[in-house]
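Peer 1: What follows is a single structure, and I will ask about it in a moment.
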Amino acid sequence: MRRRGITVLLGAVLVALLTWQALSMDVAYVVFSPGPTEDVLGAEEVEGVEHQIISADTEYPSDGELRLTTVRVKQSVTLAQALRYWLSNEYAIIPRDLVYPPGESEEDIAEEQEADWAESQSNAEQAALGYLGEPATIEVLSDSAGLVAGDVVTAVNGTAVTSLQDLADYADSETTVTVTRAGAVTDVPGVVLGDADLQSTHDDPYGIDIDTEALDIGGPSAGLIFALGIVDRVTEGDLTDGRIIAGTGEIDPEGTVGPIGGIQQKITGSADAGAEVFLAPAANCSDAVTVAPDDMTIVRVETLEDAVSALESLAAGGEVTTC
């Protein structure tokens, strides 16, 4: 009996050791957790120099805040940690390959994040200027679809066009495109605009500048908040109405807001920062509502115009479309 007891004890110890070893092993997942938020209407300091994040030649004050949101990524995760994080809505367990694709180095991914970050600011500026009604120039970026790099598109089938949205109906059919080429007006027949490499750039009479030197952030998801910050900065009135507004969402130059990752962690981080309103891409709404605090309004947005209208309605005591 004594020998059997020793055998059972040794077996239990072995099982415990194997279990502990298994729980201590890294798994092929990463963890998203709430990251810091930043007020794009404010300023940050780098080596004693203050950097105002969004500025313009003529600026209007705001009593509130417009906060972009972030997530932290924990790259090394044990099985025990993964099980603990899985039980909390504050964290998200994501397969590593979805965040760090095989074959891409950390340097490659960092470069992509930096490029997305820069593009989000450019898109935000163009979306804001378009919303403000500033004229646009549609330029051909490379020889494509019978057009020449440097051409400026002014009309399609005799109808004047001023934005890429104006071209959507002509994407798949042959058209006659009027361009300004080397200072001369030229009609180019047989152009399928969906095959053309085009860029729409709005005039900027405001002297807009986005300075993110003080922000150690990457990725595309701050586009919506940057665009709102520009609109608030260069127009009279206060979109925030003195509130702390947070949000997220990619934005394209036409002002369309796209979905992002880590919505639940961003809402949690926003609540910690005191946000009363969170602007969420429509496609992220189903996840957003699972963690939304009772005292936070989650506003559903599909475009920059939706977001501006919602904030104006809230300031006036009106209703908004929520998730």
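Residue numbering restarts at 1 in every chain; chains get A, B, ... in the order shown in the structure tokens, and ligands count up from 1 in that same order.
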DSSP on the backbone, helix (DSSP H, G or I) only: what residues of stretch 112-310 of chain A does that give? Format it as a VMD selection string.
Peer 2: chain A and resid 112 to 131 164 to 170 193 to 195 223 to 234 263 to 272 282 to 288 304 to 310
Peer 1: Please identify all polymer residues within 9 Å of A:Ala128, counting only C-alpha atoms, omitting same-chain residues fewer than 2 positions from it, and present them as a PDB file with N, CA, C and O atoms, in the first residue's frame.
Peer 2:
```pdb
ATOM      1  N   ASN A 123      -5.343  61.471 -45.836  1.00  0.00           N
ATOM      2  CA  ASN A 123      -6.754  61.222 -46.159  1.00  0.00           C
ATOM      3  C   ASN A 123      -7.677  62.092 -45.320  1.00  0.00           C
ATOM      4  O   ASN A 123      -8.694  62.600 -45.806  1.00  0.00           O
ATOM      5  N   ALA A 124      -7.332  62.248 -44.033  1.00  0.00           N
ATOM      6  CA  ALA A 124      -8.156  63.069 -43.142  1.00  0.00           C
ATOM      7  C   ALA A 124      -8.202  64.505 -43.611  1.00  0.00           C
ATOM      8  O   ALA A 124      -9.264  65.146 -43.610  1.00  0.00           O
ATOM      9  N   GLU A 125      -7.058  65.025 -44.018  1.00  0.00           N
ATOM     10  CA  GLU A 125      -7.021  66.417 -44.494  1.00  0.00           C
ATOM     11  C   GLU A 125      -7.866  66.584 -45.750  1.00  0.00           C
ATOM     12  O   GLU A 125      -8.653  67.537 -45.868  1.00  0.00           O
ATOM     13  N   GLN A 126      -7.748  65.635 -46.690  1.00  0.00           N
ATOM     14  CA  GLN A 126      -8.536  65.730 -47.920  1.00  0.00           C
ATOM     15  C   GLN A 126     -10.032  65.566 -47.639  1.00  0.00           C
ATOM     16  O   GLN A 126     -10.865  66.269 -48.216  1.00  0.00           O
ATOM     17  N   GLY A 130     -12.756  68.446 -48.357  1.00  0.00           N
ATOM     18  CA  GLY A 130     -13.916  68.141 -49.192  1.00  0.00           C
ATOM     19  C   GLY A 130     -15.213  68.444 -48.472  1.00  0.00           C
ATOM     20  O   GLY A 130     -16.144  69.013 -49.051  1.00  0.00           O
ATOM     21  N   TYR A 131     -15.298  68.065 -47.190  1.00  0.00           N
ATOM     22  CA  TYR A 131     -16.486  68.365 -46.395  1.00  0.00           C
ATOM     23  C   TYR A 131     -16.715  69.869 -46.311  1.00  0.00           C
ATOM     24  O   TYR A 131     -17.865  70.335 -46.360  1.00  0.00           O
ATOM     25  N   LEU A 132     -15.639  70.638 -46.230  1.00  0.00           N
ATOM     26  CA  LEU A 132     -15.742  72.100 -46.118  1.00  0.00           C
ATOM     27  C   LEU A 132     -16.026  72.767 -47.465  1.00  0.00           C
ATOM     28  O   LEU A 132     -16.164  73.996 -47.532  1.00  0.00           O
ATOM     29  N   GLY A 133     -16.111  71.960 -48.515  1.00  0.00           N
ATOM     30  CA  GLY A 133     -16.510  72.485 -49.822  1.00  0.00           C
ATOM     31  C   GLY A 133     -15.394  73.097 -50.643  1.00  0.00           C
ATOM     32  O   GLY A 133     -15.652  73.843 -51.590  1.00  0.00           O
ATOM     33  N   PHE A 226      -8.753  62.732 -36.785  1.00  0.00           N
ATOM     34  CA  PHE A 226      -7.967  63.798 -37.395  1.00  0.00           C
ATOM     35  C   PHE A 226      -8.859  64.700 -38.256  1.00  0.00           C
ATOM     36  O   PHE A 226      -8.755  65.931 -38.209  1.00  0.00           O
ATOM     37  N   ALA A 227      -9.738  64.098 -39.063  1.00  0.00           N
ATOM     38  CA  ALA A 227     -10.620  64.886 -39.931  1.00  0.00           C
ATOM     39  C   ALA A 227     -11.550  65.777 -39.113  1.00  0.00           C
ATOM     40  O   ALA A 227     -11.746  66.961 -39.435  1.00  0.00           O
ATOM     41  N   LEU A 228     -12.123  65.222 -38.051  1.00  0.00           N
ATOM     42  CA  LEU A 228     -12.988  66.023 -37.184  1.00  0.00           C
ATOM     43  C   LEU A 228     -12.204  67.150 -36.521  1.00  0.00           C
ATOM     44  O   LEU A 228     -12.706  68.279 -36.379  1.00  0.00           O
ATOM     45  N   GLY A 229     -10.965  66.855 -36.122  1.00  0.00           N
ATOM     46  CA  GLY A 229     -10.142  67.886 -35.503  1.00  0.00           C
ATOM     47  C   GLY A 229      -9.881  69.044 -36.440  1.00  0.00           C
ATOM     48  O   GLY A 229      -9.894  70.215 -36.023  1.00  0.00           O
ATOM     49  N   ILE A 230      -9.648  68.728 -37.705  1.00  0.00           N
ATOM     50  CA  ILE A 230      -9.426  69.790 -38.700  1.00  0.00           C
ATOM     51  C   ILE A 230     -10.677  70.640 -38.853  1.00  0.00           C
ATOM     52  O   ILE A 230     -10.622  71.877 -38.835  1.00  0.00           O
ATOM     53  N   VAL A 231     -11.832  69.991 -39.018  1.00  0.00           N
ATOM     54  CA  VAL A 231     -13.089  70.726 -39.191  1.00  0.00           C
ATOM     55  C   VAL A 231     -13.350  71.623 -37.985  1.00  0.00           C
ATOM     56  O   VAL A 231     -13.719  72.800 -38.120  1.00  0.00           O
ATOM     57  N   PRO A 253     -10.149  59.656 -48.717  1.00  0.00           N
ATOM     58  CA  PRO A 253     -10.189  61.073 -49.079  1.00  0.00           C
ATOM     59  C   PRO A 253     -11.592  61.606 -49.357  1.00  0.00           C
ATOM     60  O   PRO A 253     -11.810  62.823 -49.331  1.00  0.00           O
ATOM     61  N   GLU A 254     -12.540  60.698 -49.625  1.00  0.00           N
ATOM     62  CA  GLU A 254     -13.916  61.122 -49.878  1.00  0.00           C
ATOM     63  C   GLU A 254     -14.740  61.208 -48.606  1.00  0.00           C
ATOM     64  O   GLU A 254     -15.918  61.570 -48.634  1.00  0.00           O
ATOM     65  N   GLY A 255     -14.151  60.840 -47.457  1.00  0.00           N
ATOM     66  CA  GLY A 255     -14.860  60.975 -46.178  1.00  0.00           C
ATOM     67  C   GLY A 255     -15.596  59.735 -45.729  1.00  0.00           C
ATOM     68  O   GLY A 255     -16.341  59.783 -44.745  1.00  0.00           O
ATOM     69  N   LEU A 304     -17.660  61.103 -42.633  1.00  0.00           N
ATOM     70  CA  LEU A 304     -17.283  62.278 -41.853  1.00  0.00           C
ATOM     71  C   LEU A 304     -18.501  63.165 -41.633  1.00  0.00           C
ATOM     72  O   LEU A 304     -18.692  63.715 -40.536  1.00  0.00           O
TER      73      LEU A 304
END
```
Peer 1: For the strand (DSSP E or B) assignment from backbone DSSP, which residues of stretch 81-147 of chain A qualify? Please present them as a PDB file with all heavy atoms, in the first residue's frame.
Peer 2:
```
ATOM      1  N   ALA A  92      -8.415  41.202 -25.981  1.00  0.00           N
ATOM      2  CA  ALA A  92      -8.769  40.382 -27.145  1.00  0.00           C
ATOM      3  C   ALA A  92      -7.589  39.477 -27.472  1.00  0.00           C
ATOM      4  O   ALA A  92      -6.439  39.937 -27.523  1.00  0.00           O
ATOM      5  CB  ALA A  92      -9.103  41.265 -28.342  1.00  0.00           C
ATOM      6  N   ILE A  93      -7.877  38.206 -27.683  1.00  0.00           N
ATOM      7  CA  ILE A  93      -6.853  37.224 -28.038  1.00  0.00           C
ATOM      8  C   ILE A  93      -6.925  37.028 -29.549  1.00  0.00           C
ATOM      9  O   ILE A  93      -7.943  36.574 -30.081  1.00  0.00           O
ATOM     10  CB  ILE A  93      -7.083  35.877 -27.324  1.00  0.00           C
ATOM     11  CG1 ILE A  93      -7.319  36.103 -25.828  1.00  0.00           C
ATOM     12  CG2 ILE A  93      -5.915  34.947 -27.559  1.00  0.00           C
ATOM     13  CD1 ILE A  93      -6.166  36.708 -25.102  1.00  0.00           C
ATOM     14  N   ILE A  94      -5.847  37.366 -30.248  1.00  0.00           N
ATOM     15  CA  ILE A  94      -5.830  37.364 -31.712  1.00  0.00           C
ATOM     16  C   ILE A  94      -4.739  36.427 -32.204  1.00  0.00           C
ATOM     17  O   ILE A  94      -3.607  36.473 -31.699  1.00  0.00           O
ATOM     18  CB  ILE A  94      -5.545  38.789 -32.262  1.00  0.00           C
ATOM     19  CG1 ILE A  94      -6.448  39.835 -31.606  1.00  0.00           C
ATOM     20  CG2 ILE A  94      -5.670  38.816 -33.773  1.00  0.00           C
ATOM     21  CD1 ILE A  94      -7.898  39.696 -31.947  1.00  0.00           C
ATOM     22  N   PRO A  95      -5.034  35.550 -33.184  1.00  0.00           N
ATOM     23  CA  PRO A  95      -3.966  34.722 -33.750  1.00  0.00           C
ATOM     24  C   PRO A  95      -2.806  35.586 -34.244  1.00  0.00           C
ATOM     25  O   PRO A  95      -3.017  36.589 -34.939  1.00  0.00           O
ATOM     26  CB  PRO A  95      -4.664  34.001 -34.910  1.00  0.00           C
ATOM     27  CG  PRO A  95      -6.107  33.943 -34.503  1.00  0.00           C
ATOM     28  CD  PRO A  95      -6.361  35.239 -33.774  1.00  0.00           C
ATOM     29  N   ALA A 136     -11.537  70.772 -55.743  1.00  0.00           N
ATOM     30  CA  ALA A 136     -10.600  69.659 -55.858  1.00  0.00           C
ATOM     31  C   ALA A 136      -9.999  69.593 -57.256  1.00  0.00           C
ATOM     32  O   ALA A 136     -10.622  70.001 -58.238  1.00  0.00           O
ATOM     33  CB  ALA A 136     -11.297  68.342 -55.543  1.00  0.00           C
ATOM     34  N   THR A 137      -8.798  69.091 -57.330  1.00  0.00           N
ATOM     35  CA  THR A 137      -8.135  68.811 -58.600  1.00  0.00           C
ATOM     36  C   THR A 137      -7.973  67.302 -58.718  1.00  0.00           C
ATOM     37  O   THR A 137      -7.419  66.661 -57.824  1.00  0.00           O
ATOM     38  CB  THR A 137      -6.741  69.471 -58.659  1.00  0.00           C
ATOM     39  OG1 THR A 137      -6.892  70.887 -58.558  1.00  0.00           O
ATOM     40  CG2 THR A 137      -6.039  69.132 -59.964  1.00  0.00           C
ATOM     41  N   ILE A 138      -8.503  66.736 -59.818  1.00  0.00           N
ATOM     42  CA  ILE A 138      -8.379  65.296 -60.051  1.00  0.00           C
ATOM     43  C   ILE A 138      -7.233  65.075 -61.024  1.00  0.00           C
ATOM     44  O   ILE A 138      -7.317  65.419 -62.201  1.00  0.00           O
ATOM     45  CB  ILE A 138      -9.684  64.714 -60.621  1.00  0.00           C
ATOM     46  CG1 ILE A 138     -10.859  65.015 -59.704  1.00  0.00           C
ATOM     47  CG2 ILE A 138      -9.543  63.204 -60.824  1.00  0.00           C
ATOM     48  CD1 ILE A 138     -12.201  64.644 -60.280  1.00  0.00           C
ATOM     49  N   GLU A 139      -6.161  64.502 -60.507  1.00  0.00           N
ATOM     50  CA  GLU A 139      -4.939  64.349 -61.297  1.00  0.00           C
ATOM     51  C   GLU A 139      -4.662  62.885 -61.600  1.00  0.00           C
ATOM     52  O   GLU A 139      -4.913  62.007 -60.772  1.00  0.00           O
ATOM     53  CB  GLU A 139      -3.753  64.949 -60.542  1.00  0.00           C
ATOM     54  CG  GLU A 139      -2.450  64.926 -61.326  1.00  0.00           C
ATOM     55  CD  GLU A 139      -1.306  65.571 -60.575  1.00  0.00           C
ATOM     56  OE1 GLU A 139      -1.528  66.035 -59.435  1.00  0.00           O
ATOM     57  OE2 GLU A 139      -0.188  65.601 -61.114  1.00  0.00           O
ATOM     58  N   VAL A 140      -4.131  62.625 -62.783  1.00  0.00           N
ATOM     59  CA  VAL A 140      -3.706  61.286 -63.176  1.00  0.00           C
ATOM     60  C   VAL A 140      -2.280  61.087 -62.669  1.00  0.00           C
ATOM     61  O   VAL A 140      -1.376  61.854 -63.005  1.00  0.00           O
ATOM     62  CB  VAL A 140      -3.764  61.113 -64.700  1.00  0.00           C
ATOM     63  CG1 VAL A 140      -3.317  59.700 -65.096  1.00  0.00           C
ATOM     64  CG2 VAL A 140      -5.174  61.391 -65.210  1.00  0.00           C
ATOM     65  N   SER A 144      -2.172  55.583 -67.596  1.00  0.00           N
ATOM     66  CA  SER A 144      -3.136  54.498 -67.383  1.00  0.00           C
ATOM     67  C   SER A 144      -4.431  54.815 -68.091  1.00  0.00           C
ATOM     68  O   SER A 144      -4.847  55.975 -68.176  1.00  0.00           O
ATOM     69  CB  SER A 144      -3.403  54.287 -65.882  1.00  0.00           C
ATOM     70  OG  SER A 144      -3.761  55.517 -65.258  1.00  0.00           O
ATOM     71  N   LEU A 147      -4.868  57.695 -70.396  1.00  0.00           N
ATOM     72  CA  LEU A 147      -4.537  59.013 -69.857  1.00  0.00           C
ATOM     73  C   LEU A 147      -3.038  59.070 -69.538  1.00  0.00           C
ATOM     74  O   LEU A 147      -2.374  58.042 -69.427  1.00  0.00           O
ATOM     75  CB  LEU A 147      -5.355  59.299 -68.596  1.00  0.00           C
ATOM     76  CG  LEU A 147      -6.879  59.234 -68.783  1.00  0.00           C
ATOM     77  CD1 LEU A 147      -7.597  59.400 -67.437  1.00  0.00           C
ATOM     78  CD2 LEU A 147      -7.347  60.311 -69.767  1.00  0.00           C
TER      79      LEU A 147
END
```
Peer 1: Enumerate, in order of chain and increasing residue number, the residues of stretch 111-180 of chain A with an atom no farther than 7 Å from stretch 208-220 of chain A, each with its shortest atom pair and distance in Å to one decimal, counting only C-alpha atoms, as JSON lines.
Peer 2:
```
{"residue": "A:Gln113", "atom": "CA", "partner": "A:Gly219", "partner_atom": "CA", "distance": 4.5}
{"residue": "A:Glu114", "atom": "CA", "partner": "A:Gly218", "partner_atom": "CA", "distance": 5.3}
{"residue": "A:Asp116", "atom": "CA", "partner": "A:Gly219", "partner_atom": "CA", "distance": 4.9}
{"residue": "A:Trp117", "atom": "CA", "partner": "A:Gly219", "partner_atom": "CA", "distance": 4.6}
{"residue": "A:Ser120", "atom": "CA", "partner": "A:Pro220", "partner_atom": "CA", "distance": 5.0}
```
Peer 1: Nearest to A:Leu41: which of A:Glu302, A:Asp232, A:Ala171, A:Arg84 is it, counting only C-alpha atoms?
Peer 2: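 Checking each candidate against A:Leu41, we get A:Asp232 as the closest.
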Peer 1: Quick one: residues within 12 Å of A:Thr321, only C-alpha atoms counted, chain neighbours fewer than 6 positions away excluded, as a list of chain:residue names?
Peer 2: A:Phe278, A:Leu279, A:Ala280, A:Pro281, A:Ala282, A:Cys285, A:Thr297, A:Ile298, A:Val299, A:Arg300, A:Val301, A:Glu302, A:Asp306, A:Ala307, A:Ser309, A:Ala310, A:Leu311, A:Ser313, A:Leu314
Peer 1: List the spatial neighbours of A:Glu174 as a list in words - criterion: any atom at most 10 Å away, only C-alpha atoms, same-chain residues fewer than 2 positions off excluded.
Peer 2: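 The neighbour list is Ala145, Asn157, Tyr170, Ala171, Asp172, Thr176, Val177, Pro189, Gly190, Val191, Val192, Leu193 and Gly194 of chain A.
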